[in-house]
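This is query.pdb. It holds PDB, C-alpha atoms.
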ATOM      1  CA  MET A   1      36.852 -23.110 103.506  1.00  0.00           C
ATOM      2  CA  SER A   2      38.266 -19.726 102.713  1.00  0.00           C
ATOM      3  CA  ASN A   3      41.074 -18.974 100.301  1.00  0.00           C
ATOM      4  CA  ILE A   4      43.628 -18.199 103.000  1.00  0.00           C
ATOM      5  CA  ARG A   5      45.889 -20.985 101.718  1.00  0.00           C
ATOM      6  CA  GLU A   6      46.000 -19.506  98.209  1.00  0.00           C
ATOM      7  CA  ALA A   7      46.637 -15.987  99.531  1.00  0.00           C
ATOM      8  CA  VAL A   8      49.529 -17.164 101.734  1.00  0.00           C
ATOM      9  CA  MET A   9      51.092 -19.304  99.022  1.00  0.00           C
ATOM     10  CA  ASP A  10      50.793 -16.421  96.508  1.00  0.00           C
ATOM     11  CA  LEU A  11      52.538 -14.124  98.991  1.00  0.00           C
ATOM     12  CA  GLU A  12      55.250 -16.736  99.542  1.00  0.00           C
ATOM     13  CA  ARG A  13      55.895 -17.011  95.789  1.00  0.00           C
ATOM     14  CA  HIS A  14      55.900 -13.203  95.514  1.00  0.00           C
ATOM     15  CA  ALA A  15      58.437 -12.924  98.355  1.00  0.00           C
ATOM     16  CA  ALA A  16      60.580 -15.644  96.783  1.00  0.00           C
ATOM     17  CA  ALA A  17      60.620 -13.759  93.472  1.00  0.00           C
ATOM     18  CA  GLN A  18      61.889 -10.652  95.312  1.00  0.00           C
ATOM     19  CA  GLY A  19      64.757 -12.597  96.866  1.00  0.00           C
ATOM     20  CA  TRP A  20      66.185 -12.755 100.361  1.00  0.00           C
ATOM     21  CA  ASP A  21      67.158 -10.028 102.821  1.00  0.00           C
ATOM     22  CA  ARG A  22      63.885  -8.139 102.440  1.00  0.00           C
ATOM     23  CA  PRO A  23      62.185  -6.142 105.181  1.00  0.00           C
ATOM     24  CA  LEU A  24      59.123  -7.426 106.963  1.00  0.00           C
ATOM     25  CA  GLY A  25      55.921  -7.050 104.920  1.00  0.00           C
ATOM     26  CA  LEU A  26      52.438  -6.587 106.371  1.00  0.00           C
ATOM     27  CA  TYR A  27      49.374  -7.102 104.171  1.00  0.00           C
ATOM     28  CA  ALA A  28      45.655  -6.552 104.480  1.00  0.00           C
ATOM     29  CA  LEU A  29      43.725  -9.393 102.841  1.00  0.00           C
ATOM     30  CA  VAL A  30      40.642  -8.052 101.122  1.00  0.00           C
ATOM     31  CA  PRO A  31      38.002  -9.834  99.035  1.00  0.00           C
ATOM     32  CA  THR A  32      39.013  -9.254  95.423  1.00  0.00           C
ATOM     33  CA  ALA A  33      35.393  -8.593  94.388  1.00  0.00           C
ATOM     34  CA  ASP A  34      35.090  -5.822  97.022  1.00  0.00           C
ATOM     35  CA  LEU A  35      38.398  -4.296  95.967  1.00  0.00           C
ATOM     36  CA  LEU A  36      37.419  -4.264  92.300  1.00  0.00           C
ATOM     37  CA  GLU A  37      34.052  -2.722  93.109  1.00  0.00           C
ATOM     38  CA  ALA A  38      35.677   0.013  95.193  1.00  0.00           C
ATOM     39  CA  GLU A  39      38.570   0.560  92.752  1.00  0.00           C
ATOM     40  CA  PRO A  40      37.447  -0.246  89.161  1.00  0.00           C
ATOM     41  CA  ALA A  41      40.564   1.359  87.694  1.00  0.00           C
ATOM     42  CA  LEU A  42      42.625  -1.183  89.601  1.00  0.00           C
ATOM     43  CA  ALA A  43      40.815  -4.019  87.825  1.00  0.00           C
ATOM     44  CA  GLU A  44      41.760  -2.545  84.478  1.00  0.00           C
ATOM     45  CA  LEU A  45      45.366  -2.009  85.599  1.00  0.00           C
ATOM     46  CA  LEU A  46      45.601  -5.636  86.765  1.00  0.00           C
ATOM     47  CA  GLY A  47      43.727  -6.978  83.745  1.00  0.00           C
ATOM     48  CA  ILE A  48      40.980  -8.526  85.895  1.00  0.00           C
ATOM     49  CA  ASP A  49      37.347  -8.605  84.739  1.00  0.00           C
ATOM     50  CA  SER A  50      36.115 -10.307  87.889  1.00  0.00           C
ATOM     51  CA  PRO A  51      37.513 -12.691  90.488  1.00  0.00           C
ATOM     52  CA  ARG A  52      37.719 -16.320  89.381  1.00  0.00           C
ATOM     53  CA  ASP A  53      36.374 -17.348  92.769  1.00  0.00           C
ATOM     54  CA  PRO A  54      33.939 -15.339  94.922  1.00  0.00           C
ATOM     55  CA  ASP A  55      36.168 -15.995  97.963  1.00  0.00           C
ATOM     56  CA  GLU A  56      39.349 -14.831  96.208  1.00  0.00           C
ATOM     57  CA  LEU A  57      41.543 -12.554  98.339  1.00  0.00           C
ATOM     58  CA  THR A  58      43.933  -9.825  97.265  1.00  0.00           C
ATOM     59  CA  PRO A  59      46.884  -8.888  99.505  1.00  0.00           C
ATOM     60  CA  VAL A  60      47.313  -5.124  99.878  1.00  0.00           C
ATOM     61  CA  GLU A  61      50.755  -4.180 101.176  1.00  0.00           C
ATOM     62  CA  GLN A  62      50.771  -1.813 104.144  1.00  0.00           C
ATOM     63  CA  GLU A  63      53.302   0.733 105.363  1.00  0.00           C
ATOM     64  CA  GLN A  64      56.385  -0.602 107.117  1.00  0.00           C
ATOM     65  CA  LEU A  65      56.008  -1.288 110.818  1.00  0.00           C
ATOM     66  CA  PRO A  66      58.191   0.906 113.054  1.00  0.00           C
ATOM     67  CA  ASP A  67      61.748  -0.407 113.378  1.00  0.00           C
ATOM     68  CA  ASP A  68      62.028   0.792 116.961  1.00  0.00           C
ATOM     69  CA  LEU A  69      59.243  -1.465 118.294  1.00  0.00           C
ATOM     70  CA  PRO A  70      59.298  -5.212 118.892  1.00  0.00           C
ATOM     71  CA  LEU A  71      57.029  -7.009 116.411  1.00  0.00           C
ATOM     72  CA  GLU A  72      54.552  -8.079 119.100  1.00  0.00           C
ATOM     73  CA  GLU A  73      54.148  -4.491 120.291  1.00  0.00           C
ATOM     74  CA  ALA A  74      53.784  -3.125 116.744  1.00  0.00           C
ATOM     75  CA  LEU A  75      51.112  -5.722 115.948  1.00  0.00           C
ATOM     76  CA  GLY A  76      49.391  -4.940 119.242  1.00  0.00           C
ATOM     77  CA  ARG A  77      48.773  -1.403 117.989  1.00  0.00           C
ATOM     78  CA  ILE A  78      46.932  -2.540 114.848  1.00  0.00           C
ATOM     79  CA  LEU A  79      43.201  -3.021 114.512  1.00  0.00           C
ATOM     80  CA  TRP A  80      41.961  -3.607 110.985  1.00  0.00           C
ATOM     81  CA  PRO A  81      38.747  -2.010 109.689  1.00  0.00           C
ATOM     82  CA  GLU A  82      35.739  -4.240 108.979  1.00  0.00           C
ATOM     83  CA  GLY A  83      36.312  -4.280 105.191  1.00  0.00           C
ATOM     84  CA  VAL A  84      39.548  -6.194 105.726  1.00  0.00           C
ATOM     85  CA  ALA A  85      38.860  -9.941 105.683  1.00  0.00           C
ATOM     86  CA  GLY A  86      42.232 -10.841 107.132  1.00  0.00           C
ATOM     87  CA  CYS A  87      45.914 -10.036 107.288  1.00  0.00           C
ATOM     88  CA  ALA A  88      49.253 -11.611 106.489  1.00  0.00           C
ATOM     89  CA  LEU A  89      52.859 -11.073 107.454  1.00  0.00           C
ATOM     90  CA  VAL A  90      56.030 -11.980 105.550  1.00  0.00           C
ATOM     91  CA  MET A  91      59.260 -11.957 107.516  1.00  0.00           C
ATOM     92  CA  GLU A  92      62.717 -13.461 107.592  1.00  0.00           C
ATOM     93  CA  ARG A  93      64.369 -14.715 110.758  1.00  0.00           C
ATOM     94  CA  LEU A  94      67.324 -16.741 111.938  1.00  0.00           C
ATOM     95  CA  VAL A  95      66.185 -19.796 113.875  1.00  0.00           C
ATOM     96  CA  VAL A  96      68.341 -21.970 116.047  1.00  0.00           C
ATOM     97  CA  LYS A  97      68.596 -25.348 114.324  1.00  0.00           C
ATOM     98  CA  GLY A  98      66.661 -28.078 116.082  1.00  0.00           C
ATOM     99  CA  SER A  99      64.362 -25.655 117.917  1.00  0.00           C
ATOM    100  CA  ASP A 100      61.654 -23.066 117.350  1.00  0.00           C
ATOM    101  CA  GLU A 101      63.781 -20.325 118.942  1.00  0.00           C
ATOM    102  CA  THR A 102      64.605 -17.302 116.787  1.00  0.00           C
ATOM    103  CA  LEU A 103      67.514 -14.979 117.305  1.00  0.00           C
ATOM    104  CA  ASP A 104      66.639 -11.432 118.270  1.00  0.00           C
ATOM    105  CA  GLN A 105      66.703  -8.876 115.487  1.00  0.00           C
ATOM    106  CA  GLY A 106      70.312  -7.742 115.142  1.00  0.00           C
ATOM    107  CA  GLU A 107      71.717 -10.633 117.225  1.00  0.00           C
ATOM    108  CA  ASP A 108      74.875 -11.953 115.585  1.00  0.00           C
ATOM    109  CA  PRO A 109      74.681 -15.719 115.044  1.00  0.00           C
ATOM    110  CA  ARG A 110      78.482 -15.982 115.208  1.00  0.00           C
ATOM    111  CA  THR A 111      78.525 -14.683 118.779  1.00  0.00           C
ATOM    112  CA  SER A 112      75.504 -16.690 119.925  1.00  0.00           C
ATOM    113  CA  GLY A 113      77.469 -19.932 119.661  1.00  0.00           C
ATOM    114  CA  ARG A 114      74.454 -21.661 118.138  1.00  0.00           C
ATOM    115  CA  GLU A 115      73.964 -23.032 114.658  1.00  0.00           C
ATOM    116  CA  THR A 116      71.224 -21.160 112.819  1.00  0.00           C
ATOM    117  CA  GLU A 117      69.105 -21.443 109.702  1.00  0.00           C
ATOM    118  CA  GLU A 118      67.672 -18.470 107.795  1.00  0.00           C
ATOM    119  CA  ILE A 119      63.975 -18.850 107.077  1.00  0.00           C
ATOM    120  CA  ARG A 120      61.203 -16.835 105.485  1.00  0.00           C
ATOM    121  CA  MET A 121      57.813 -17.150 107.154  1.00  0.00           C
ATOM    122  CA  VAL A 122      54.469 -16.160 105.691  1.00  0.00           C
ATOM    123  CA  ALA A 123      51.470 -16.303 107.985  1.00  0.00           C
ATOM    124  CA  GLY A 124      47.897 -15.302 107.284  1.00  0.00           C
ATOM    125  CA  VAL A 125      44.694 -15.168 109.326  1.00  0.00           C
ATOM    126  CA  LEU A 126      41.084 -14.406 108.403  1.00  0.00           C
ATOM    127  CA  ARG A 127      38.281 -13.071 110.570  1.00  0.00           C
ATOM    128  CA  ASP A 128      36.520 -16.430 110.361  1.00  0.00           C
ATOM    129  CA  GLY A 129      39.506 -17.933 112.240  1.00  0.00           C
ATOM    130  CA  SER A 130      41.075 -19.599 109.187  1.00  0.00           C
ATOM    131  CA  ARG A 131      44.848 -19.476 109.205  1.00  0.00           C
ATOM    132  CA  TYR A 132      47.644 -20.736 107.031  1.00  0.00           C
ATOM    133  CA  CYS A 133      51.441 -20.521 107.013  1.00  0.00           C
ATOM    134  CA  ALA A 134      54.355 -21.178 104.701  1.00  0.00           C
ATOM    135  CA  MET A 135      58.033 -21.439 105.525  1.00  0.00           C
ATOM    136  CA  ARG A 136      61.048 -21.503 103.202  1.00  0.00           C
ATOM    137  CA  MET A 137      64.580 -22.226 104.379  1.00  0.00           C
ATOM    138  CA  ARG A 138      67.361 -20.383 102.606  1.00  0.00           C
ATOM    139  CA  SER A 139      69.404 -23.577 102.439  1.00  0.00           C
ATOM    140  CA  HIS A 140      66.492 -25.310 100.647  1.00  0.00           C
ATOM    141  CA  ASP A 141      65.373 -22.409  98.473  1.00  0.00           C
ATOM    142  CA  SER A 142      62.984 -24.069  96.041  1.00  0.00           C
ATOM    143  CA  GLU A 143      59.220 -23.993  95.694  1.00  0.00           C
ATOM    144  CA  SER A 144      59.037 -27.770  96.061  1.00  0.00           C
ATOM    145  CA  GLU A 145      60.593 -27.546  99.548  1.00  0.00           C
ATOM    146  CA  VAL A 146      58.315 -24.868 101.020  1.00  0.00           C
ATOM    147  CA  LEU A 147      56.723 -26.159 104.209  1.00  0.00           C
ATOM    148  CA  ASN A 148      53.095 -25.157 104.663  1.00  0.00           C
ATOM    149  CA  GLY A 149      50.112 -25.857 106.854  1.00  0.00           C
ATOM    150  CA  THR A 150      47.599 -24.429 109.283  1.00  0.00           C
ATOM    151  CA  ASP A 151      49.605 -24.809 112.521  1.00  0.00           C
ATOM    152  CA  LEU A 152      53.130 -24.212 111.268  1.00  0.00           C
ATOM    153  CA  ILE A 153      53.738 -20.915 113.130  1.00  0.00           C
ATOM    154  CA  PRO A 154      51.067 -20.755 115.867  1.00  0.00           C
ATOM    155  CA  ALA A 155      52.563 -17.851 117.837  1.00  0.00           C
ATOM    156  CA  LEU A 156      52.640 -15.660 114.735  1.00  0.00           C
ATOM    157  CA  THR A 157      49.110 -16.541 113.618  1.00  0.00           C
ATOM    158  CA  SER A 158      47.863 -15.895 117.159  1.00  0.00           C
ATOM    159  CA  ALA A 159      49.481 -12.436 117.140  1.00  0.00           C
ATOM    160  CA  LEU A 160      47.904 -11.679 113.753  1.00  0.00           C
ATOM    161  CA  ALA A 161      44.503 -12.902 114.986  1.00  0.00           C
ATOM    162  CA  LEU A 162      44.602 -10.315 117.749  1.00  0.00           C
ATOM    163  CA  THR A 163      44.915  -7.522 115.144  1.00  0.00           C
ATOM    164  CA  LEU A 164      41.562  -8.733 113.775  1.00  0.00           C
ATOM    165  CA  ASP A 165      40.047  -8.737 117.258  1.00  0.00           C
ATOM    166  CA  ILE A 166      39.682 -12.523 117.187  1.00  0.00           C
ATOM    167  CA  GLU A 167      39.549 -13.987 120.681  1.00  0.00           C
ATOM    168  CA  GLU A 168      42.077 -16.781 121.095  1.00  0.00           C
ATOM    169  CA  GLU A 169      40.989 -19.898 122.945  1.00  0.00           C
ATOM    170  CA  PRO A 170      43.320 -20.775 125.840  1.00  0.00           C
ATOM    171  CA  GLU A 171      45.276 -23.951 125.171  1.00  0.00           C
ATOM    172  CA  GLY A 172      43.612 -27.054 126.533  1.00  0.00           C
ATOM    173  CA  ASN A 173      40.025 -25.781 126.046  1.00  0.00           C
TER     174      ASN A 173
END
In structure tokens, what does this structure look like?
Amino acid sequence: MSNIREAVMDLERHAAAQGWDRPLGLYALVPTADLLEAEPALAELLGIDSPRDPDELTPVEQEQLPDDLPLEEALGRILWPEGVAGCALVMERLVVKGSDETLDQGEDPRTSGRETEEIRMVAGVLRDGSRYCAMRMRSHDSESEVLNGTDLIPALTSALALTLDIEEEPEGN
């Protein structure tokens, strides 16, 4: 199995250290060995002689996605180059308690009449189809209460898979 779990959990801890109310973050996941070979100065800067694991991945933060496009449309315009093993997304959303429905960006929870919970989601996908997710609720903001698993946010991992040109199997097949 790939190291997608470790990459996602590292990104989740990184996001947690930065605090809440952060913009969406998009990351290319690249094999650490390839990155160090291509950028030896980076290895020195990071204090890395070589990856501990040959499958180790390094997240490389990308430019901000356009604010004027819905997330699905912005992701639909991305196609990663072959050297990128995968990608990950970190984002915060308000979800309606007791459902998987999120409020639209900018929608005021006070006027929606629904009780909401602020969450941070981290989802990652690799070209081999591996995927992993983590979710932290603001009301339970501790590392021990981070939910994580392969199928935690299927719509988001499916959208990320499309940026890697991975064909999604229709449900039920």
Fill in the blank from the handout: A straight line from atom CA of Arg22 of chain A to atom CA of Glu115 of chain A spans 21.7 Å
Please produce, as JSON lines, a per-residue contact table for segment 20-68 of chain A versus segment 120-131 of chain A (criterion: any atom at most 9 Å away, only C-alpha atoms considered), showing the nearest atom pair and its distance in Å to one decimal, sorted by chain then residue number.
{"residue": "A:Trp20", "atom": "CA", "partner": "A:Arg120", "partner_atom": "CA", "distance": 8.2}
{"residue": "A:Tyr27", "atom": "CA", "partner": "A:Gly124", "partner_atom": "CA", "distance": 8.9}
{"residue": "A:Leu29", "atom": "CA", "partner": "A:Leu126", "partner_atom": "CA", "distance": 7.9}
Quick one: write out the picked residues with C-alpha atoms as an mmCIF file, in the frame of the given file?
data_model
loop_
_atom_site.group_PDB
_atom_site.id
_atom_site.type_symbol
_atom_site.label_atom_id
_atom_site.label_comp_id
_atom_site.auth_asym_id
_atom_site.auth_seq_id
_atom_site.Cartn_x
_atom_site.Cartn_y
_atom_site.Cartn_z
ATOM 1 C CA TRP A 20 66.185 -12.755 100.361
ATOM 2 C CA TYR A 27 49.374 -7.102 104.171
ATOM 3 C CA LEU A 29 43.725 -9.393 102.841
#
Select, counting all atoms listed in the file, all protein, DNA and RNA residues no farther than 12 Å from (40.7, -10.5, 107.1) in file coordinates, and express the selection as a short mmCIF file (atom, residue, chain, number, x, y, z; two decimals) with C-alpha atoms, in the coordinates of the input.
data_model
loop_
_atom_site.label_atom_id
_atom_site.label_comp_id
_atom_site.auth_asym_id
_atom_site.auth_seq_id
_atom_site.Cartn_x
_atom_site.Cartn_y
_atom_site.Cartn_z
CA SER A 2 38.27 -19.73 102.71
CA ASN A 3 41.07 -18.97 100.30
CA ILE A 4 43.63 -18.20 103.00
CA ALA A 7 46.64 -15.99 99.53
CA TYR A 27 49.37 -7.10 104.17
CA ALA A 28 45.66 -6.55 104.48
CA LEU A 29 43.72 -9.39 102.84
CA VAL A 30 40.64 -8.05 101.12
CA PRO A 31 38.00 -9.83 99.04
CA THR A 32 39.01 -9.25 95.42
CA ASP A 55 36.17 -16.00 97.96
CA GLU A 56 39.35 -14.83 96.21
CA LEU A 57 41.54 -12.55 98.34
CA THR A 58 43.93 -9.82 97.26
CA PRO A 59 46.88 -8.89 99.50
CA VAL A 60 47.31 -5.12 99.88
CA LEU A 79 43.20 -3.02 114.51
CA TRP A 80 41.96 -3.61 110.98
CA PRO A 81 38.75 -2.01 109.69
CA GLU A 82 35.74 -4.24 108.98
CA GLY A 83 36.31 -4.28 105.19
CA VAL A 84 39.55 -6.19 105.73
CA ALA A 85 38.86 -9.94 105.68
CA GLY A 86 42.23 -10.84 107.13
CA CYS A 87 45.91 -10.04 107.29
CA ALA A 88 49.25 -11.61 106.49
CA GLY A 124 47.90 -15.30 107.28
CA VAL A 125 44.69 -15.17 109.33
CA LEU A 126 41.08 -14.41 108.40
CA ARG A 127 38.28 -13.07 110.57
CA ASP A 128 36.52 -16.43 110.36
CA GLY A 129 39.51 -17.93 112.24
CA SER A 130 41.08 -19.60 109.19
CA ARG A 131 44.85 -19.48 109.20
CA LEU A 160 47.90 -11.68 113.75
CA ALA A 161 44.50 -12.90 114.99
CA LEU A 162 44.60 -10.32 117.75
CA THR A 163 44.92 -7.52 115.14
CA LEU A 164 41.56 -8.73 113.78
CA ASP A 165 40.05 -8.74 117.26
CA ILE A 166 39.68 -12.52 117.19
#
Practice task
Could you jot down the atom CA of Glu63 of chain A to atom CA of Leu89 of chain A separation for me, Å, one decimal place?
Solution key: 12.0 Å
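Across A:Val90, A:Met137, A:Leu152, A:Leu46, the tightest approach to His14 of chain A is made by A:Val90 when counting only C-alpha atoms.
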Problem - Atom-to-atom span, atom CA of Asn148 of chain A and atom CA of Glu6 of chain A, Å - result: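 Atom CA of Glu6 of chain A lies at a distance of 11.1 Å from atom CA of Asn148 of chain A.
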Handout entry: 10 Å contact set for His140 of chain A, only C-alpha atoms, chain neighbours under 4 positions out, as JSON, numbers by chain
Key = {"A": [118, 119, 136, 144, 145, 146]}
Please write the residues from the selection above to a file, keeping C-alpha atoms, as a compact mmCIF listing (two decimals), in the coordinates of the input.
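Printed below is result.txt as written:
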# COMPACT_ATOMS: atom_id res chain seq x y z
CA GLU A 118 67.67 -18.47 107.80
CA ILE A 119 63.98 -18.85 107.08
CA ARG A 136 61.05 -21.50 103.20
CA SER A 144 59.04 -27.77 96.06
CA GLU A 145 60.59 -27.55 99.55
CA VAL A 146 58.32 -24.87 101.02
Residues returned when the PyMOL selection byres ((chain A and resi 96) around 7) runs on this file, as a compact mmCIF listing (two decimals) with C-alpha atoms, in the frame of the given file:
# COMPACT_ATOMS: atom_id res chain seq x y z
CA LEU A 94 67.32 -16.74 111.94
CA VAL A 95 66.18 -19.80 113.88
CA LYS A 97 68.60 -25.35 114.32
CA GLY A 98 66.66 -28.08 116.08
CA SER A 99 64.36 -25.66 117.92
CA ASP A 100 61.65 -23.07 117.35
CA GLU A 101 63.78 -20.32 118.94
CA THR A 102 64.60 -17.30 116.79
CA ARG A 114 74.45 -21.66 118.14
CA GLU A 115 73.96 -23.03 114.66
CA THR A 116 71.22 -21.16 112.82
CA GLU A 117 69.10 -21.44 109.70
Start from the incomplete input, build N, CA, C and O atoms for segment 19-43 of chain A, and deliver everything as a PDB file, keeping the file's coordinate frame.
ATOM      1  N   GLY A  19      63.471 -12.201  96.309  1.00  0.00           N
ATOM      2  CA  GLY A  19      64.757 -12.597  96.866  1.00  0.00           C
ATOM      3  C   GLY A  19      64.814 -12.438  98.373  1.00  0.00           C
ATOM      4  O   GLY A  19      63.854 -12.032  99.023  1.00  0.00           O
ATOM      5  N   TRP A  20      65.968 -12.779  98.921  1.00  0.00           N
ATOM      6  CA  TRP A  20      66.185 -12.755 100.361  1.00  0.00           C
ATOM      7  C   TRP A  20      66.613 -11.374 100.832  1.00  0.00           C
ATOM      8  O   TRP A  20      66.885 -10.494 100.036  1.00  0.00           O
ATOM      9  N   ASP A  21      66.696 -11.251 102.155  1.00  0.00           N
ATOM     10  CA  ASP A  21      67.158 -10.028 102.821  1.00  0.00           C
ATOM     11  C   ASP A  21      66.209  -8.856 102.564  1.00  0.00           C
ATOM     12  O   ASP A  21      66.632  -7.727 102.351  1.00  0.00           O
ATOM     13  N   ARG A  22      64.927  -9.145 102.627  1.00  0.00           N
ATOM     14  CA  ARG A  22      63.885  -8.139 102.440  1.00  0.00           C
ATOM     15  C   ARG A  22      63.318  -7.750 103.804  1.00  0.00           C
ATOM     16  O   ARG A  22      63.302  -8.544 104.734  1.00  0.00           O
ATOM     17  N   PRO A  23      62.808  -6.534 103.914  1.00  0.00           N
ATOM     18  CA  PRO A  23      62.185  -6.142 105.181  1.00  0.00           C
ATOM     19  C   PRO A  23      60.864  -6.874 105.391  1.00  0.00           C
ATOM     20  O   PRO A  23      60.275  -7.421 104.446  1.00  0.00           O
ATOM     21  N   LEU A  24      60.406  -6.846 106.597  1.00  0.00           N
ATOM     22  CA  LEU A  24      59.123  -7.426 106.963  1.00  0.00           C
ATOM     23  C   LEU A  24      58.021  -6.781 106.121  1.00  0.00           C
ATOM     24  O   LEU A  24      58.059  -5.586 105.853  1.00  0.00           O
ATOM     25  N   GLY A  25      57.041  -7.576 105.700  1.00  0.00           N
ATOM     26  CA  GLY A  25      55.921  -7.050 104.920  1.00  0.00           C
ATOM     27  C   GLY A  25      54.601  -7.394 105.592  1.00  0.00           C
ATOM     28  O   GLY A  25      54.366  -8.548 105.952  1.00  0.00           O
ATOM     29  N   LEU A  26      53.752  -6.402 105.781  1.00  0.00           N
ATOM     30  CA  LEU A  26      52.438  -6.587 106.371  1.00  0.00           C
ATOM     31  C   LEU A  26      51.394  -6.315 105.297  1.00  0.00           C
ATOM     32  O   LEU A  26      51.510  -5.337 104.548  1.00  0.00           O
ATOM     33  N   TYR A  27      50.382  -7.188 105.223  1.00  0.00           N
ATOM     34  CA  TYR A  27      49.374  -7.102 104.171  1.00  0.00           C
ATOM     35  C   TYR A  27      47.970  -7.203 104.758  1.00  0.00           C
ATOM     36  O   TYR A  27      47.714  -8.033 105.624  1.00  0.00           O
ATOM     37  N   ALA A  28      47.081  -6.371 104.240  1.00  0.00           N
ATOM     38  CA  ALA A  28      45.655  -6.552 104.480  1.00  0.00           C
ATOM     39  C   ALA A  28      45.175  -7.533 103.423  1.00  0.00           C
ATOM     40  O   ALA A  28      45.613  -7.469 102.268  1.00  0.00           O
ATOM     41  N   LEU A  29      44.320  -8.466 103.805  1.00  0.00           N
ATOM     42  CA  LEU A  29      43.725  -9.393 102.841  1.00  0.00           C
ATOM     43  C   LEU A  29      42.284  -8.959 102.636  1.00  0.00           C
ATOM     44  O   LEU A  29      41.494  -8.959 103.577  1.00  0.00           O
ATOM     45  N   VAL A  30      41.982  -8.559 101.412  1.00  0.00           N
ATOM     46  CA  VAL A  30      40.642  -8.052 101.122  1.00  0.00           C
ATOM     47  C   VAL A  30      40.001  -8.910 100.034  1.00  0.00           C
ATOM     48  O   VAL A  30      40.697  -9.407  99.147  1.00  0.00           O
ATOM     49  N   PRO A  31      38.681  -9.098 100.105  1.00  0.00           N
ATOM     50  CA  PRO A  31      38.002  -9.834  99.035  1.00  0.00           C
ATOM     51  C   PRO A  31      38.226  -9.112  97.699  1.00  0.00           C
ATOM     52  O   PRO A  31      37.990  -7.909  97.587  1.00  0.00           O
ATOM     53  N   THR A  32      38.705  -9.843  96.717  1.00  0.00           N
ATOM     54  CA  THR A  32      39.013  -9.254  95.423  1.00  0.00           C
ATOM     55  C   THR A  32      37.790  -8.569  94.822  1.00  0.00           C
ATOM     56  O   THR A  32      37.893  -7.465  94.275  1.00  0.00           O
ATOM     57  N   ALA A  33      36.616  -9.190  94.940  1.00  0.00           N
ATOM     58  CA  ALA A  33      35.393  -8.593  94.388  1.00  0.00           C
ATOM     59  C   ALA A  33      35.125  -7.226  95.019  1.00  0.00           C
ATOM     60  O   ALA A  33      34.770  -6.272  94.317  1.00  0.00           O
ATOM     61  N   ASP A  34      35.308  -7.104  96.340  1.00  0.00           N
ATOM     62  CA  ASP A  34      35.090  -5.822  97.022  1.00  0.00           C
ATOM     63  C   ASP A  34      36.106  -4.777  96.561  1.00  0.00           C
ATOM     64  O   ASP A  34      35.762  -3.610  96.357  1.00  0.00           O
ATOM     65  N   LEU A  35      37.344  -5.207  96.405  1.00  0.00           N
ATOM     66  CA  LEU A  35      38.398  -4.296  95.967  1.00  0.00           C
ATOM     67  C   LEU A  35      38.107  -3.782  94.561  1.00  0.00           C
ATOM     68  O   LEU A  35      38.231  -2.587  94.288  1.00  0.00           O
ATOM     69  N   LEU A  36      37.696  -4.667  93.679  1.00  0.00           N
ATOM     70  CA  LEU A  36      37.419  -4.264  92.300  1.00  0.00           C
ATOM     71  C   LEU A  36      36.196  -3.353  92.210  1.00  0.00           C
ATOM     72  O   LEU A  36      36.150  -2.453  91.376  1.00  0.00           O
ATOM     73  N   GLU A  37      35.232  -3.591  93.079  1.00  0.00           N
ATOM     74  CA  GLU A  37      34.052  -2.722  93.109  1.00  0.00           C
ATOM     75  C   GLU A  37      34.424  -1.325  93.609  1.00  0.00           C
ATOM     76  O   GLU A  37      33.970  -0.318  93.073  1.00  0.00           O
ATOM     77  N   ALA A  38      35.268  -1.271  94.617  1.00  0.00           N
ATOM     78  CA  ALA A  38      35.677   0.013  95.193  1.00  0.00           C
ATOM     79  C   ALA A  38      36.691   0.742  94.308  1.00  0.00           C
ATOM     80  O   ALA A  38      36.753   1.972  94.316  1.00  0.00           O
ATOM     81  N   GLU A  39      37.492  -0.011  93.574  1.00  0.00           N
ATOM     82  CA  GLU A  39      38.570   0.560  92.752  1.00  0.00           C
ATOM     83  C   GLU A  39      38.533  -0.026  91.341  1.00  0.00           C
ATOM     84  O   GLU A  39      39.390  -0.820  90.962  1.00  0.00           O
ATOM     85  N   PRO A  40      37.553   0.346  90.500  1.00  0.00           N
ATOM     86  CA  PRO A  40      37.447  -0.246  89.161  1.00  0.00           C
ATOM     87  C   PRO A  40      38.679  -0.017  88.288  1.00  0.00           C
ATOM     88  O   PRO A  40      39.013  -0.856  87.457  1.00  0.00           O
ATOM     89  N   ALA A  41      39.356   1.099  88.482  1.00  0.00           N
ATOM     90  CA  ALA A  41      40.564   1.359  87.694  1.00  0.00           C
ATOM     91  C   ALA A  41      41.641   0.327  87.993  1.00  0.00           C
ATOM     92  O   ALA A  41      42.445  -0.017  87.123  1.00  0.00           O
ATOM     93  N   LEU A  42      41.655  -0.161  89.216  1.00  0.00           N
ATOM     94  CA  LEU A  42      42.625  -1.183  89.601  1.00  0.00           C
ATOM     95  C   LEU A  42      42.396  -2.462  88.810  1.00  0.00           C
ATOM     96  O   LEU A  42      43.348  -3.113  88.389  1.00  0.00           O
ATOM     97  N   ALA A  43      41.141  -2.828  88.603  1.00  0.00           N
ATOM     98  CA  ALA A  43      40.815  -4.019  87.825  1.00  0.00           C
ATOM     99  C   ALA A  43      41.394  -3.917  86.427  1.00  0.00           C
ATOM    100  O   ALA A  43      42.002  -4.864  85.917  1.00  0.00           O
TER     101      ALA A  43
END
